[in-house]
Every structure is written in structure tokens, then in C-alpha cells.
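A.B. asks: Coordinates in entry.cif, mmCIF, C-alpha atoms, are listed below.
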data_protein
#
loop_
_atom_site.label_atom_id
_atom_site.label_comp_id
_atom_site.auth_asym_id
_atom_site.auth_seq_id
_atom_site.Cartn_x
_atom_site.Cartn_y
_atom_site.Cartn_z
CA MET A 1 -35.43 -48.33 -80.58
CA SER A 2 -35.33 -44.66 -79.69
CA SER A 3 -32.10 -42.76 -79.22
CA THR A 4 -30.20 -42.35 -75.96
CA GLN A 5 -31.25 -39.44 -73.75
CA LEU A 6 -29.55 -38.47 -70.48
CA PRO A 7 -31.25 -36.26 -67.89
CA ASP A 8 -30.95 -32.51 -68.47
CA TYR A 9 -30.58 -31.19 -64.93
CA SER A 10 -29.44 -27.78 -66.21
CA GLY A 11 -32.98 -26.62 -66.99
CA GLY A 12 -34.80 -29.33 -68.91
CA SER A 13 -35.80 -32.02 -66.41
CA ILE A 14 -38.55 -32.73 -63.92
CA VAL A 15 -36.11 -31.57 -61.22
CA ASN A 16 -36.10 -28.14 -62.82
CA LEU A 17 -39.91 -28.12 -63.04
CA MET A 18 -40.01 -28.72 -59.30
CA GLN A 19 -37.57 -25.87 -58.74
CA SER A 20 -39.86 -23.52 -60.70
CA ILE A 21 -42.87 -24.71 -58.70
CA ALA A 22 -41.05 -24.47 -55.37
CA THR A 23 -39.86 -20.93 -55.99
CA ALA A 24 -43.31 -19.85 -57.21
CA CYS A 25 -44.82 -21.27 -54.01
CA GLY A 26 -42.46 -19.45 -51.69
CA SER A 27 -39.56 -21.82 -51.13
CA THR A 28 -36.24 -20.10 -50.56
CA ARG A 29 -34.32 -23.25 -51.52
CA SER A 30 -32.67 -22.96 -54.92
CA ASP A 31 -30.74 -26.17 -55.51
CA TYR A 32 -31.20 -26.28 -59.30
CA PRO A 33 -31.86 -23.96 -62.24
CA PRO A 34 -35.56 -23.36 -62.93
CA LEU A 35 -37.28 -25.06 -65.87
CA ALA A 36 -36.53 -23.24 -69.11
CA LEU A 37 -40.05 -23.99 -70.41
CA LEU A 38 -41.89 -22.49 -67.43
CA SER A 39 -40.42 -20.00 -65.00
CA ALA A 40 -41.25 -19.46 -61.36
CA ALA A 41 -42.36 -15.93 -62.21
CA GLN A 42 -44.97 -17.26 -64.64
CA LEU A 43 -46.28 -19.78 -62.13
CA ALA A 44 -46.34 -17.23 -59.30
CA ARG A 45 -48.84 -15.05 -61.16
CA ALA A 46 -51.63 -17.58 -60.59
CA ARG A 47 -53.50 -18.15 -57.34
CA HIS A 48 -53.17 -21.93 -57.35
CA VAL A 49 -50.66 -24.38 -58.82
CA VAL A 50 -51.90 -27.92 -59.56
CA LEU A 51 -49.49 -30.68 -60.62
CA ILE A 52 -50.91 -34.03 -61.75
CA VAL A 53 -48.37 -36.82 -62.30
CA VAL A 54 -49.59 -39.62 -64.56
CA ASP A 55 -47.27 -42.53 -63.87
CA GLY A 56 -45.81 -43.80 -67.14
CA LEU A 57 -47.12 -41.08 -69.50
CA GLY A 58 -44.04 -40.76 -71.68
CA LEU A 59 -43.82 -38.30 -74.54
CA ARG A 60 -43.96 -41.15 -77.07
CA THR A 61 -47.10 -42.59 -75.46
CA LEU A 62 -48.88 -39.24 -75.52
CA ALA A 63 -47.94 -38.59 -79.15
CA ARG A 64 -49.08 -42.03 -80.36
CA HIS A 65 -52.59 -42.01 -78.92
CA SER A 66 -55.22 -39.84 -80.58
CA ALA A 67 -57.49 -40.32 -77.56
CA SER A 68 -55.39 -37.82 -75.61
CA ARG A 69 -56.36 -34.73 -77.63
CA HIS A 70 -57.09 -32.49 -74.61
CA LEU A 71 -53.63 -33.16 -73.23
CA GLN A 72 -51.94 -32.82 -76.62
CA GLU A 73 -53.70 -29.51 -77.23
CA HIS A 74 -52.05 -27.97 -74.17
CA GLN A 75 -48.62 -29.56 -74.42
CA LEU A 76 -46.05 -26.86 -73.75
CA GLY A 77 -43.07 -29.07 -74.53
CA SER A 78 -41.17 -31.97 -73.02
CA MET A 79 -38.63 -32.65 -70.29
CA THR A 80 -36.36 -35.46 -69.23
CA SER A 81 -36.97 -37.65 -66.25
CA VAL A 82 -34.16 -38.34 -63.79
CA PHE A 83 -31.78 -41.30 -63.85
CA PRO A 84 -32.85 -43.96 -63.53
CA SER A 85 -36.13 -43.18 -65.30
CA THR A 86 -38.27 -44.98 -62.77
CA THR A 87 -40.98 -44.29 -60.23
CA ALA A 88 -38.92 -44.77 -57.08
CA SER A 89 -36.42 -42.11 -58.17
CA ALA A 90 -38.74 -39.73 -60.04
CA ILE A 91 -41.72 -39.68 -57.65
CA THR A 92 -39.29 -38.92 -54.84
CA THR A 93 -38.10 -35.98 -56.97
CA PHE A 94 -41.68 -34.73 -57.36
CA MET A 95 -42.28 -34.99 -53.61
CA THR A 96 -38.94 -33.51 -52.46
CA GLY A 97 -37.79 -31.26 -55.29
CA LEU A 98 -34.44 -33.07 -55.19
CA ALA A 99 -32.51 -35.05 -57.80
CA PRO A 100 -31.53 -38.66 -57.01
CA ALA A 101 -27.99 -37.44 -56.30
CA GLN A 102 -29.43 -35.65 -53.26
CA HIS A 103 -32.41 -37.79 -52.17
CA GLY A 104 -30.47 -40.99 -52.71
CA LEU A 105 -33.29 -43.20 -54.06
CA THR A 106 -31.84 -45.13 -56.95
CA GLY A 107 -34.42 -47.69 -58.06
CA TRP A 108 -37.04 -50.22 -57.02
CA HIS A 109 -34.63 -52.53 -55.15
CA MET A 110 -32.02 -50.80 -53.01
CA HIS A 111 -29.42 -52.24 -50.68
CA LEU A 112 -29.32 -50.04 -47.61
CA ASP A 113 -26.20 -50.15 -45.47
CA GLU A 114 -28.09 -48.41 -42.65
CA ILE A 115 -30.11 -51.58 -42.02
CA ASP A 116 -27.99 -54.07 -44.01
CA GLN A 117 -31.00 -55.18 -46.05
CA THR A 118 -32.26 -54.91 -49.60
CA LEU A 119 -35.69 -53.30 -49.76
CA ALA A 120 -38.30 -52.58 -52.37
CA ILE A 121 -38.08 -48.94 -51.45
CA LEU A 122 -41.62 -47.70 -52.12
CA PRO A 123 -43.46 -50.32 -50.02
CA LEU A 124 -40.40 -50.57 -47.72
CA THR A 125 -40.53 -54.36 -47.82
CA PRO A 126 -37.40 -56.56 -47.69
CA ARG A 127 -36.34 -58.64 -50.66
CA ASP A 128 -34.07 -60.91 -48.69
CA GLY A 129 -35.57 -62.37 -45.53
CA PRO A 130 -37.96 -61.14 -42.87
CA SER A 131 -38.39 -57.46 -42.08
CA LEU A 132 -36.09 -56.53 -39.22
CA THR A 133 -37.67 -53.09 -38.70
CA PRO A 134 -41.37 -52.15 -38.89
CA ALA A 135 -42.06 -50.17 -42.08
CA GLU A 136 -43.34 -47.15 -40.16
CA GLN A 137 -39.97 -46.83 -38.39
CA LEU A 138 -37.88 -46.99 -41.56
CA PRO A 139 -38.38 -43.51 -43.09
CA ALA A 140 -36.78 -41.71 -40.15
CA ARG A 141 -33.76 -44.04 -40.42
CA LEU A 142 -33.41 -44.00 -44.19
CA PHE A 143 -34.60 -40.58 -45.37
CA LYS A 144 -32.95 -37.41 -44.12
CA HIS A 145 -34.54 -35.08 -46.67
CA GLN A 146 -37.44 -32.70 -46.17
CA SER A 147 -40.55 -33.04 -48.27
CA LEU A 148 -41.11 -30.30 -50.84
CA PHE A 149 -44.29 -29.30 -49.03
CA GLN A 150 -42.36 -28.48 -45.86
CA THR A 151 -40.35 -25.86 -47.76
CA LEU A 152 -43.35 -23.97 -49.21
CA ASN A 153 -45.09 -21.00 -47.61
CA ARG A 154 -48.54 -21.90 -48.90
CA GLU A 155 -51.14 -24.50 -48.05
CA SER A 156 -50.37 -27.79 -49.78
CA TRP A 157 -52.43 -30.85 -50.60
CA VAL A 158 -51.52 -34.36 -51.75
CA ILE A 159 -54.13 -36.42 -53.62
CA ALA A 160 -53.03 -40.08 -53.62
CA PRO A 161 -54.56 -43.52 -54.25
CA GLN A 162 -56.18 -45.07 -51.22
CA SER A 163 -53.81 -48.05 -51.52
CA ILE A 164 -50.71 -45.93 -50.82
CA ALA A 165 -51.92 -42.65 -49.29
CA ALA A 166 -51.20 -43.71 -45.71
CA SER A 167 -48.13 -45.86 -46.44
CA ALA A 168 -44.96 -45.15 -44.51
CA PHE A 169 -43.19 -43.88 -47.64
CA ASN A 170 -46.05 -41.63 -48.75
CA SER A 171 -46.73 -40.29 -45.27
CA TRP A 172 -43.08 -39.27 -44.85
CA HIS A 173 -42.91 -37.59 -48.25
CA SER A 174 -46.25 -35.81 -47.75
CA ARG A 175 -45.19 -34.05 -44.54
CA GLY A 176 -46.28 -30.44 -44.61
CA ALA A 177 -49.31 -31.19 -46.79
CA GLN A 178 -52.83 -32.38 -46.11
CA THR A 179 -53.60 -35.72 -47.79
CA ILE A 180 -56.74 -36.88 -49.57
CA ALA A 181 -57.05 -40.58 -50.44
CA TYR A 182 -59.10 -41.45 -53.52
CA ARG A 183 -60.52 -44.71 -54.83
CA ALA A 184 -61.17 -43.99 -58.52
CA LEU A 185 -60.06 -41.59 -61.25
CA PRO A 186 -63.06 -39.19 -61.13
CA GLU A 187 -62.30 -38.40 -57.48
CA ILE A 188 -58.92 -36.89 -58.41
CA PHE A 189 -60.62 -34.26 -60.54
CA ALA A 190 -63.52 -33.71 -58.15
CA ASN A 191 -61.07 -32.99 -55.33
CA ILE A 192 -58.98 -30.63 -57.45
CA GLY A 193 -62.14 -28.81 -58.47
CA GLU A 194 -63.22 -28.33 -54.87
CA LEU A 195 -59.78 -27.28 -53.60
CA THR A 196 -59.37 -24.63 -56.29
CA GLN A 197 -62.89 -23.19 -55.95
CA GLU A 198 -62.77 -22.55 -52.20
CA LYS A 199 -62.13 -18.97 -51.13
CA VAL A 200 -58.55 -19.34 -49.91
CA LYS A 201 -55.52 -17.29 -50.77
CA SER A 202 -53.44 -19.88 -52.62
CA ARG A 203 -52.78 -23.61 -52.73
CA TYR A 204 -50.30 -26.05 -54.19
CA ILE A 205 -51.99 -29.33 -55.10
CA TYR A 206 -50.08 -32.47 -56.10
CA ALA A 207 -52.00 -35.48 -57.43
CA TYR A 208 -50.67 -38.89 -58.45
CA TYR A 209 -52.36 -41.38 -60.81
CA PRO A 210 -50.75 -44.86 -61.19
CA ASP A 211 -53.08 -46.84 -63.47
CA LEU A 212 -51.44 -46.11 -66.85
CA ASP A 213 -48.15 -47.48 -65.48
CA THR A 214 -49.87 -50.57 -64.08
CA HIS A 215 -51.53 -51.42 -67.40
CA SER A 216 -48.44 -50.59 -69.48
CA HIS A 217 -46.31 -52.98 -67.39
CA ARG A 218 -48.81 -55.80 -67.67
CA TYR A 219 -50.25 -55.44 -71.16
CA GLY A 220 -47.75 -53.25 -73.03
CA THR A 221 -47.46 -49.60 -73.89
CA ASP A 222 -49.79 -49.69 -76.91
CA SER A 223 -52.30 -52.12 -75.41
CA ARG A 224 -56.04 -51.51 -75.44
CA GLN A 225 -55.98 -51.34 -71.63
CA ALA A 226 -53.31 -48.61 -71.61
CA GLN A 227 -55.08 -46.64 -74.34
CA GLN A 228 -58.42 -46.80 -72.54
CA THR A 229 -56.79 -45.61 -69.30
CA LEU A 230 -55.21 -42.64 -71.05
CA ALA A 231 -58.45 -41.80 -72.88
CA ALA A 232 -60.40 -41.75 -69.61
CA PHE A 233 -57.81 -39.48 -67.98
CA ASP A 234 -57.84 -37.17 -71.00
CA ALA A 235 -61.64 -36.83 -70.91
CA HIS A 236 -61.61 -35.93 -67.21
CA PHE A 237 -58.79 -33.47 -67.84
CA GLY A 238 -60.88 -31.75 -70.50
CA GLU A 239 -63.80 -31.44 -68.08
CA LEU A 240 -61.56 -30.10 -65.31
CA ARG A 241 -60.15 -27.45 -67.63
CA ARG A 242 -63.68 -26.20 -68.29
CA ARG A 243 -64.63 -26.35 -64.62
CA LEU A 244 -61.59 -24.36 -63.49
CA ARG A 245 -61.99 -21.58 -66.04
CA GLY A 246 -61.61 -18.26 -64.27
CA SER A 247 -60.09 -19.77 -61.11
CA ASN A 248 -56.63 -18.31 -61.86
CA THR A 249 -54.95 -21.73 -61.62
CA TRP A 250 -51.91 -23.19 -63.35
CA LEU A 251 -52.89 -26.74 -64.33
CA LEU A 252 -49.83 -28.91 -65.02
CA VAL A 253 -49.67 -32.56 -66.09
CA THR A 254 -46.51 -34.58 -66.55
CA ALA A 255 -45.04 -38.00 -65.79
CA ASP A 256 -42.25 -39.69 -63.90
CA HIS A 257 -41.01 -41.67 -66.93
CA GLY A 258 -41.99 -43.18 -70.25
CA PHE A 259 -42.02 -46.81 -71.42
CA ILE A 260 -40.75 -49.37 -73.88
CA ASP A 261 -41.89 -52.95 -74.44
CA SER A 262 -39.51 -55.83 -73.76
CA PRO A 263 -40.75 -59.26 -74.89
CA GLY A 264 -39.72 -62.42 -73.08
CA ARG A 265 -37.01 -63.28 -75.61
CA ARG A 266 -35.20 -60.06 -74.62
CA VAL A 267 -34.92 -60.91 -70.92
CA ILE A 268 -31.55 -62.00 -69.54
CA ASP A 269 -32.38 -64.45 -66.73
CA VAL A 270 -29.48 -64.65 -64.27
CA ASP A 271 -30.46 -68.29 -63.61
CA ASP A 272 -29.09 -68.97 -67.10
CA HIS A 273 -25.75 -67.44 -66.09
CA PRO A 274 -24.61 -69.27 -62.94
CA GLN A 275 -21.01 -68.09 -63.41
CA LEU A 276 -22.23 -64.50 -63.31
CA ALA A 277 -24.38 -65.15 -60.26
CA ALA A 278 -21.37 -66.67 -58.46
CA LEU A 279 -19.46 -63.40 -58.89
CA LEU A 280 -22.16 -61.27 -57.22
CA GLN A 281 -22.01 -60.47 -53.52
CA ARG A 282 -25.77 -60.03 -53.35
CA PRO A 283 -28.80 -60.11 -55.67
CA LEU A 284 -29.16 -57.43 -58.33
CA CYS A 285 -30.49 -54.08 -57.20
CA GLY A 286 -32.08 -51.24 -59.15
CA GLU A 287 -34.30 -52.11 -62.10
CA ARG A 288 -34.68 -54.57 -64.97
CA ARG A 289 -33.29 -51.87 -67.28
CA VAL A 290 -30.60 -50.57 -64.90
CA ALA A 291 -29.09 -53.21 -62.64
CA TYR A 292 -26.62 -52.41 -59.86
CA CYS A 293 -24.08 -55.17 -59.24
CA TYR A 294 -22.15 -55.64 -56.00
CA VAL A 295 -18.88 -57.44 -56.71
CA ALA A 296 -15.99 -58.12 -54.30
CA ALA A 297 -12.72 -56.48 -55.39
CA ALA A 298 -10.98 -59.78 -56.09
CA LYS A 299 -13.75 -60.89 -58.46
CA ARG A 300 -14.07 -57.67 -60.47
CA PRO A 301 -11.73 -58.65 -63.32
CA ALA A 302 -13.65 -61.90 -63.79
CA PHE A 303 -16.96 -60.04 -63.63
CA GLU A 304 -15.92 -57.53 -66.28
CA THR A 305 -14.63 -60.30 -68.52
CA TYR A 306 -17.84 -62.32 -68.20
CA VAL A 307 -20.12 -59.39 -68.96
CA ARG A 308 -18.08 -58.30 -71.99
CA ARG A 309 -17.87 -61.83 -73.32
CA HIS A 310 -21.44 -63.03 -72.75
CA LEU A 311 -23.71 -60.01 -72.31
CA ALA A 312 -22.23 -57.31 -74.56
CA ARG A 313 -25.10 -57.63 -77.05
CA ALA A 314 -27.59 -56.77 -74.29
CA CYS A 315 -25.94 -54.23 -72.00
CA HIS A 316 -23.38 -51.52 -71.44
CA LEU A 317 -21.05 -52.06 -68.48
CA TYR A 318 -20.16 -49.06 -66.32
CA ALA A 319 -18.32 -48.61 -63.06
CA SER A 320 -21.08 -47.01 -60.99
CA GLU A 321 -18.75 -44.33 -59.68
CA GLU A 322 -18.30 -43.15 -63.28
CA LEU A 323 -22.03 -42.50 -63.61
CA ILE A 324 -22.08 -40.51 -60.36
CA ALA A 325 -19.11 -38.43 -61.51
CA ALA A 326 -20.68 -37.87 -64.94
CA GLY A 327 -23.78 -36.41 -63.29
CA TRP A 328 -26.32 -39.02 -64.34
CA PHE A 329 -27.99 -38.97 -60.92
CA GLY A 330 -27.75 -35.17 -60.67
CA PRO A 331 -25.19 -32.54 -59.75
CA PRO A 332 -23.26 -32.53 -56.44
CA PRO A 333 -23.41 -32.41 -53.48
CA TYR A 334 -24.14 -36.14 -53.30
CA HIS A 335 -26.18 -38.04 -50.76
CA ARG A 336 -23.81 -39.63 -48.24
CA ALA A 337 -25.00 -43.14 -49.18
CA LEU A 338 -25.35 -42.64 -52.95
CA ALA A 339 -22.26 -44.65 -53.90
CA SER A 340 -23.21 -47.56 -51.67
CA ARG A 341 -26.72 -47.64 -53.16
CA VAL A 342 -25.60 -48.10 -56.77
CA GLY A 343 -23.15 -50.94 -56.27
CA ASP A 344 -19.77 -51.37 -57.91
CA TYR A 345 -21.07 -51.73 -61.46
CA THR A 346 -24.16 -50.68 -63.39
CA LEU A 347 -25.53 -52.77 -66.24
CA LEU A 348 -27.41 -50.36 -68.51
CA MET A 349 -29.50 -52.45 -70.85
CA LYS A 350 -29.36 -51.78 -74.60
CA ASP A 351 -32.27 -51.56 -77.05
CA ASN A 352 -35.23 -53.33 -75.37
CA TRP A 353 -33.24 -55.83 -73.28
CA THR A 354 -33.84 -56.37 -69.58
CA ILE A 355 -32.11 -58.43 -66.88
CA LYS A 356 -33.74 -60.19 -63.94
CA ASP A 357 -32.77 -62.48 -61.09
CA TRP A 358 -35.07 -64.40 -58.78
CA LEU A 359 -34.56 -65.38 -55.16
CA PRO A 360 -35.84 -68.71 -53.81
CA GLY A 361 -39.49 -68.33 -52.93
CA GLU A 362 -40.03 -65.14 -54.95
CA LYS A 363 -43.20 -65.22 -57.02
CA ARG A 364 -42.20 -65.03 -60.68
CA TYR A 365 -44.05 -62.72 -63.03
CA THR A 366 -43.63 -61.31 -66.50
CA MET A 367 -43.48 -57.62 -67.31
CA LEU A 368 -44.01 -56.54 -70.91
CA GLY A 369 -43.74 -52.76 -70.49
CA VAL A 370 -40.53 -51.59 -68.77
CA HIS A 371 -38.62 -48.41 -67.98
CA GLY A 372 -35.59 -47.15 -66.08
CA GLY A 373 -33.17 -46.87 -68.98
CA THR A 374 -31.89 -44.02 -71.10
CA SER A 375 -33.82 -44.45 -74.35
CA SER A 376 -35.75 -41.32 -75.24
CA SER A 377 -38.99 -43.34 -75.00
CA GLU A 378 -38.24 -44.01 -71.31
CA MET A 379 -36.63 -40.69 -70.50
CA ARG A 380 -38.72 -38.01 -72.22
CA VAL A 381 -41.99 -36.91 -70.62
CA PRO A 382 -44.46 -34.25 -71.77
CA LEU A 383 -45.32 -31.05 -69.96
CA ILE A 384 -48.96 -30.09 -70.32
CA ALA A 385 -49.45 -26.59 -68.92
CA LEU A 386 -52.30 -24.10 -69.05
CA ARG A 387 -53.46 -21.21 -66.93
CA VAL A 388 -57.21 -21.21 -66.42
#
When written as C-alpha cells, how does the structure in this file appear?

C.D. replies:
Amino acid sequence: MSSTQLPDYSGGSIVNLMQSIATACGSTRSDYPPLALLSAAQLARARHVVLIVVDGLGLRTLARHSASRHLQEHQLGSMTSVFPSTTASAITTFMTGLAPAQHGLTGWHMHLDEIDQTLAILPLTPRDGPSLTPAEQLPARLFKHQSLFQTLNRESWVIAPQSIAASAFNSWHSRGAQTIAYRALPEIFANIGELTQEKVKSRYIYAYYPDLDTHSHRYGTDSRQAQQTLAAFDAHFGELRRRLRGSNTWLLVTADHGFIDSPGRRVIDVDDHPQLAALLQRPLCGERRVAYCYVAAAKRPAFETYVRRHLARACHLYASEELIAAGWFGPPPYHRALASRVGDYTLLMKDNWTIKDWLPGEKRYTMLGVHGGTSSSEMRVPLIALRV
């Protein structure tokens, strides 16, 4: 198992990449240091800036697969993700320029005091009971941040899968940009080609590709399906590089997180620990690799004792407030609801362990590839960067 890696918000994370991009594209907001690998001044010299996020393309994945030679050839270096190293937190960083400490999105399942419900935050669907608020009304209640695109002084475009392009979450976080929905991988590159060839002053283009993540979750990080997905992306990237030659464009590719595999024997099922379940105020939130636990004050000593006695082989136990204070979610100032969204305790899973609970009626499924934790395989992502 790879070594522990915490986010480097001081100049080495995806947050810092977004600061460099934002400044290069005219934003006056400077919440974080720029990325040490790539300055705003370098990016500002080009006419267009294109950022493609390949969901799940960790540094380890890129390095292991020879079918990604075009990407490897132009790898400038690597960065850390945010904490937790997961799509809900990191994609929000790409679309806002903010660390989780500021945007307040802390994992797939989040308990939200504003509506007193636990939601899967990207689809904005409730985990516990019927939806009390239509999804399209939720962003205005839950998200107080601007999108990154609203802060830029250049024309911006978002290229997103047809399945999510018009979702309530994506629509809110794409404000200030024009959105193109695509059906298949080749359309991403066709659209980028057209947007960078038109005779306009300058554009910022953000594109998101989810299929590598989907296949890595289902089949594993080194599966044939994941390798074929990466190989297809790499081939299209090579063609795009040739097509854009002379367009004066920065072409950037990175990821929201990496991956590890967690076989079934490494899953802690809360059903097997009824004493633990009885100590929880509500179902687990967060991720399989980073679980937020809500525990009433009177039960906290018993909770700590149980975890240390029965789960110590599989997880580290932290008071969630310690992780906020240590800067895992990002530097201050903190989102007003951050503390309430990470529970009283955080179970950070060791090695390739995961933890999962199931509510009555929830459809059970297995997940071989996982992320969210602090192993370098989950946390480190590549930066592919070239000016064409």
C-alpha cells in the first residue's frame, strides 16, 4: 500500500492549479498560492486555456499503463488532490476554485443541517426518506459560493456528459459559462477543437470525462476496461495536440483523485457491528474510505472504546475538529457549516480497508476500486501541460 499523502494547499494541489488558472484568466480573487509547477504568468501568455479533468486518473494509474504515452510524454509533474480525495469535493474545487474548507462539500453523502437531511450531494438525492425539496431548489439553499467562471473576465465554456450537464448541481456550478453536453468521448475533443479555432480573443474551456472512474470502481484500477478507457482517451489527446498546433493554447489534463482496489474481504460492514451502529446518531456520511460519524456526547467514550478495540486494524480514529484545525480540508476561513458536515469523528481507513453501512431498502452493490483516503495512490494526480 502506498504511503500517506496529505493535501499540499501551499502550492502543490489542484486548488493551487485553479488559482493559477483563475489569475491567468482575469480573476482578482487570490485565496490561495498559485501552483508552483505552473504560474499564472505562464498560462496568461496563451490565448486559450483548456483544462480536461479525467475522473480517477491518479498518478499511479498513469504511470502503470503504457497505453497512455501521449499523456506521459507531456507530464509536467504531479499534484495532490484535496481531502477527502473524492469527486464531490475535488470537482467542486475545479468548478469553484475553492478548497473544501471554503466550499464545504465533504464527500458523497453529506448531512445538511439546512434541510435536516442526508443527501448524495452530486445528484442531490436524499439517502434517508423522500426528497423534501425539489433538486432544482436545493443549490440556492445549500451553496453560497460563486462558480469559478463567474469570477473570470473571459468567455468560459463547460463541456460535460449529457447525463449530468443540465443537473441542478452542474447548472449551479457552471454559472458564468456556456455549457455543451456530449454523448461520447470523441465529442469532447471535437468541441475543444472548434472552440479554440474560432476567431475570438480568448477562452477558458473546462471539460469533464467520467468513464475511467466508472470502470475503475466496477472492475478495478488495472482492469482491461479501465486500461481500454485510458488508451482511448490518450489516442484522442494525441490527435487534439496535433490539431491545436499553432492555436496558442495551454492544454492541461489532470484528475480529481486516484484509486486503490479494496476486495470484499477488506470491507467493514456495519451490519456486522450492531454495537457500533447503536452508538451512531445517524448513518455514516462521507465515503467508504473516509467515514464521518455522528455520536451523541454521552456515547462518545463508548464509541471511542469500541473503535479502538474492534476496528483498530482497519482505521484511524480522529475527532473531526482535529482534522479541520490541522488544515486537511484547506486553510481558514472555514465554511460556516464545515464542522457540522464532517460529524464528531472521522474514520480514516488504513491500507485498502473500507467501511460501509446500508439502510433498509438500499440497493446493495460492490465496489472494487475506491478512493477518498490519504494513500498516495488516491491523493496524487498528474499534471499534463503543453502549450500548442

A.B. asks: So how many Å separate CA of Ala296 in chain A and CA of Leu348 in chain A, to one decimal?

C.D. replies: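 Going from CA of Ala296 in chain A over to CA of Leu348 in chain A, I get 19.8 Å.
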
A.B. asks: Just checking: using all atoms listed in the file, which residue out of A:Ala24, A:Met95, A:Leu76, A:Ala278 ends up closest to Arg45 in chain A?

C.D. replies: A:Ala24

A.B. asks: Mind dumping a table of every range 313-343 of chain A residue within 8 Å of range 350-353 of chain A, with the nearest atom pair and its distance in Å to one decimal, using all atoms listed in the file, sorted by chain and rising number, as a tab-separated table?

C.D. replies:
residue	atom	partner	partner_atom	distance
A:Arg313	CA	A:Lys350	CA	7.6
A:Ala314	CA	A:Lys350	CA	5.3
A:Cys315	CA	A:Lys350	CA	4.9
A:His316	CA	A:Lys350	CA	6.8

A.B. asks: Could you check how far CA of Arg29 in chain A sits from CA of Leu98 in chain A, in Å to one decimal?

C.D. replies: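 Taking CA of Arg29 in chain A as the start and CA of Leu98 in chain A as the end point, the length is 10.5 Å.
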
A.B. asks: Take the PyMOL selection byres ((chain A and resi 58) around 7), apply it to the structure above, and return the hits as a list of chain:residue names.

C.D. replies: A:Gly56, A:Leu57, A:Leu59, A:Arg60, A:Thr61, A:Leu62, A:Ala255, A:His257, A:Gly258, A:Phe259, A:Ser377, A:Glu378, A:Arg380, A:Val381, A:Pro382

A.B. asks: Any idea what the distance is between CA of Ser13 in chain A and CA of Ser81 in chain A?

C.D. replies: 5.8 Å

A.B. asks: Enclose range 258-268 of chain A, meaning all of its atoms listed in the file, in a box aligned along x, y and z, pad it by 3 Å on each side, and list the centre and edge lengths in Å to one decimal, as AutoDock Vina command-line options.

C.D. replies:
--center_x -36.8 --center_y -53.2 --center_z -72.6 --size_x 16.5 --size_y 26.1 --size_z 12.1

A.B. asks: Could you name the residues that touch range 214-226 of chain A at 9 Å or less, counting all atoms listed in the file, but leaving out those on the same chain fewer than 5 positions away, as a VMD selection string?

C.D. replies: chain A and resid 55 to 56 61 64 to 65 231 259 to 262 366 to 371

A.B. asks: I need the residue nearest Gly26 in chain A from this list: A:Tyr294, A:Tyr204, A:Trp328, A:Trp108. Use all atoms listed in the file for the distance.

C.D. replies: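 With all atoms listed in the file as the atom set, the closest residue is A:Tyr204.
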
A.B. asks: Counting all atoms listed in the file, which of A:Asp213, A:Arg289, A:Ile115, A:Gln5 gets nearest to Gly373 in chain A?

C.D. replies: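 Of A:Asp213, A:Arg289, A:Ile115, A:Gln5, the one nearest Gly373 in chain A, counting all atoms listed in the file, is A:Arg289.
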
A.B. asks: Applying 7 Å and only C-alpha atoms, which residues near Ala90 in chain A remain after dropping the ones on its own chain fewer than 4 positions away? List them as an MDAnalysis selection string.

C.D. replies: chainID A and resid 81:82 85:86 94 256

A.B. asks: Would you write out those residues with C-alpha atoms, as a PDB file, in the frame of the given file?

C.D. replies:
ATOM      1  CA  SER A  81     -36.970 -37.650 -66.250  1.00  0.00           C
ATOM      2  CA  VAL A  82     -34.160 -38.340 -63.790  1.00  0.00           C
ATOM      3  CA  SER A  85     -36.130 -43.180 -65.300  1.00  0.00           C
ATOM      4  CA  THR A  86     -38.270 -44.980 -62.770  1.00  0.00           C
ATOM      5  CA  PHE A  94     -41.680 -34.730 -57.360  1.00  0.00           C
ATOM      6  CA  ASP A 256     -42.250 -39.690 -63.900  1.00  0.00           C
TER       7      ASP A 256
END

A.B. asks: For a quick check of understanding, using all atoms listed in the file, which of A:Ser10, A:Thr92, A:Gln228, A:Ser163 has the smallest distance to Pro331 in chain A?

C.D. replies: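 Once distances to Pro331 in chain A are computed over all atoms listed in the file, the minimum belongs to A:Ser10.
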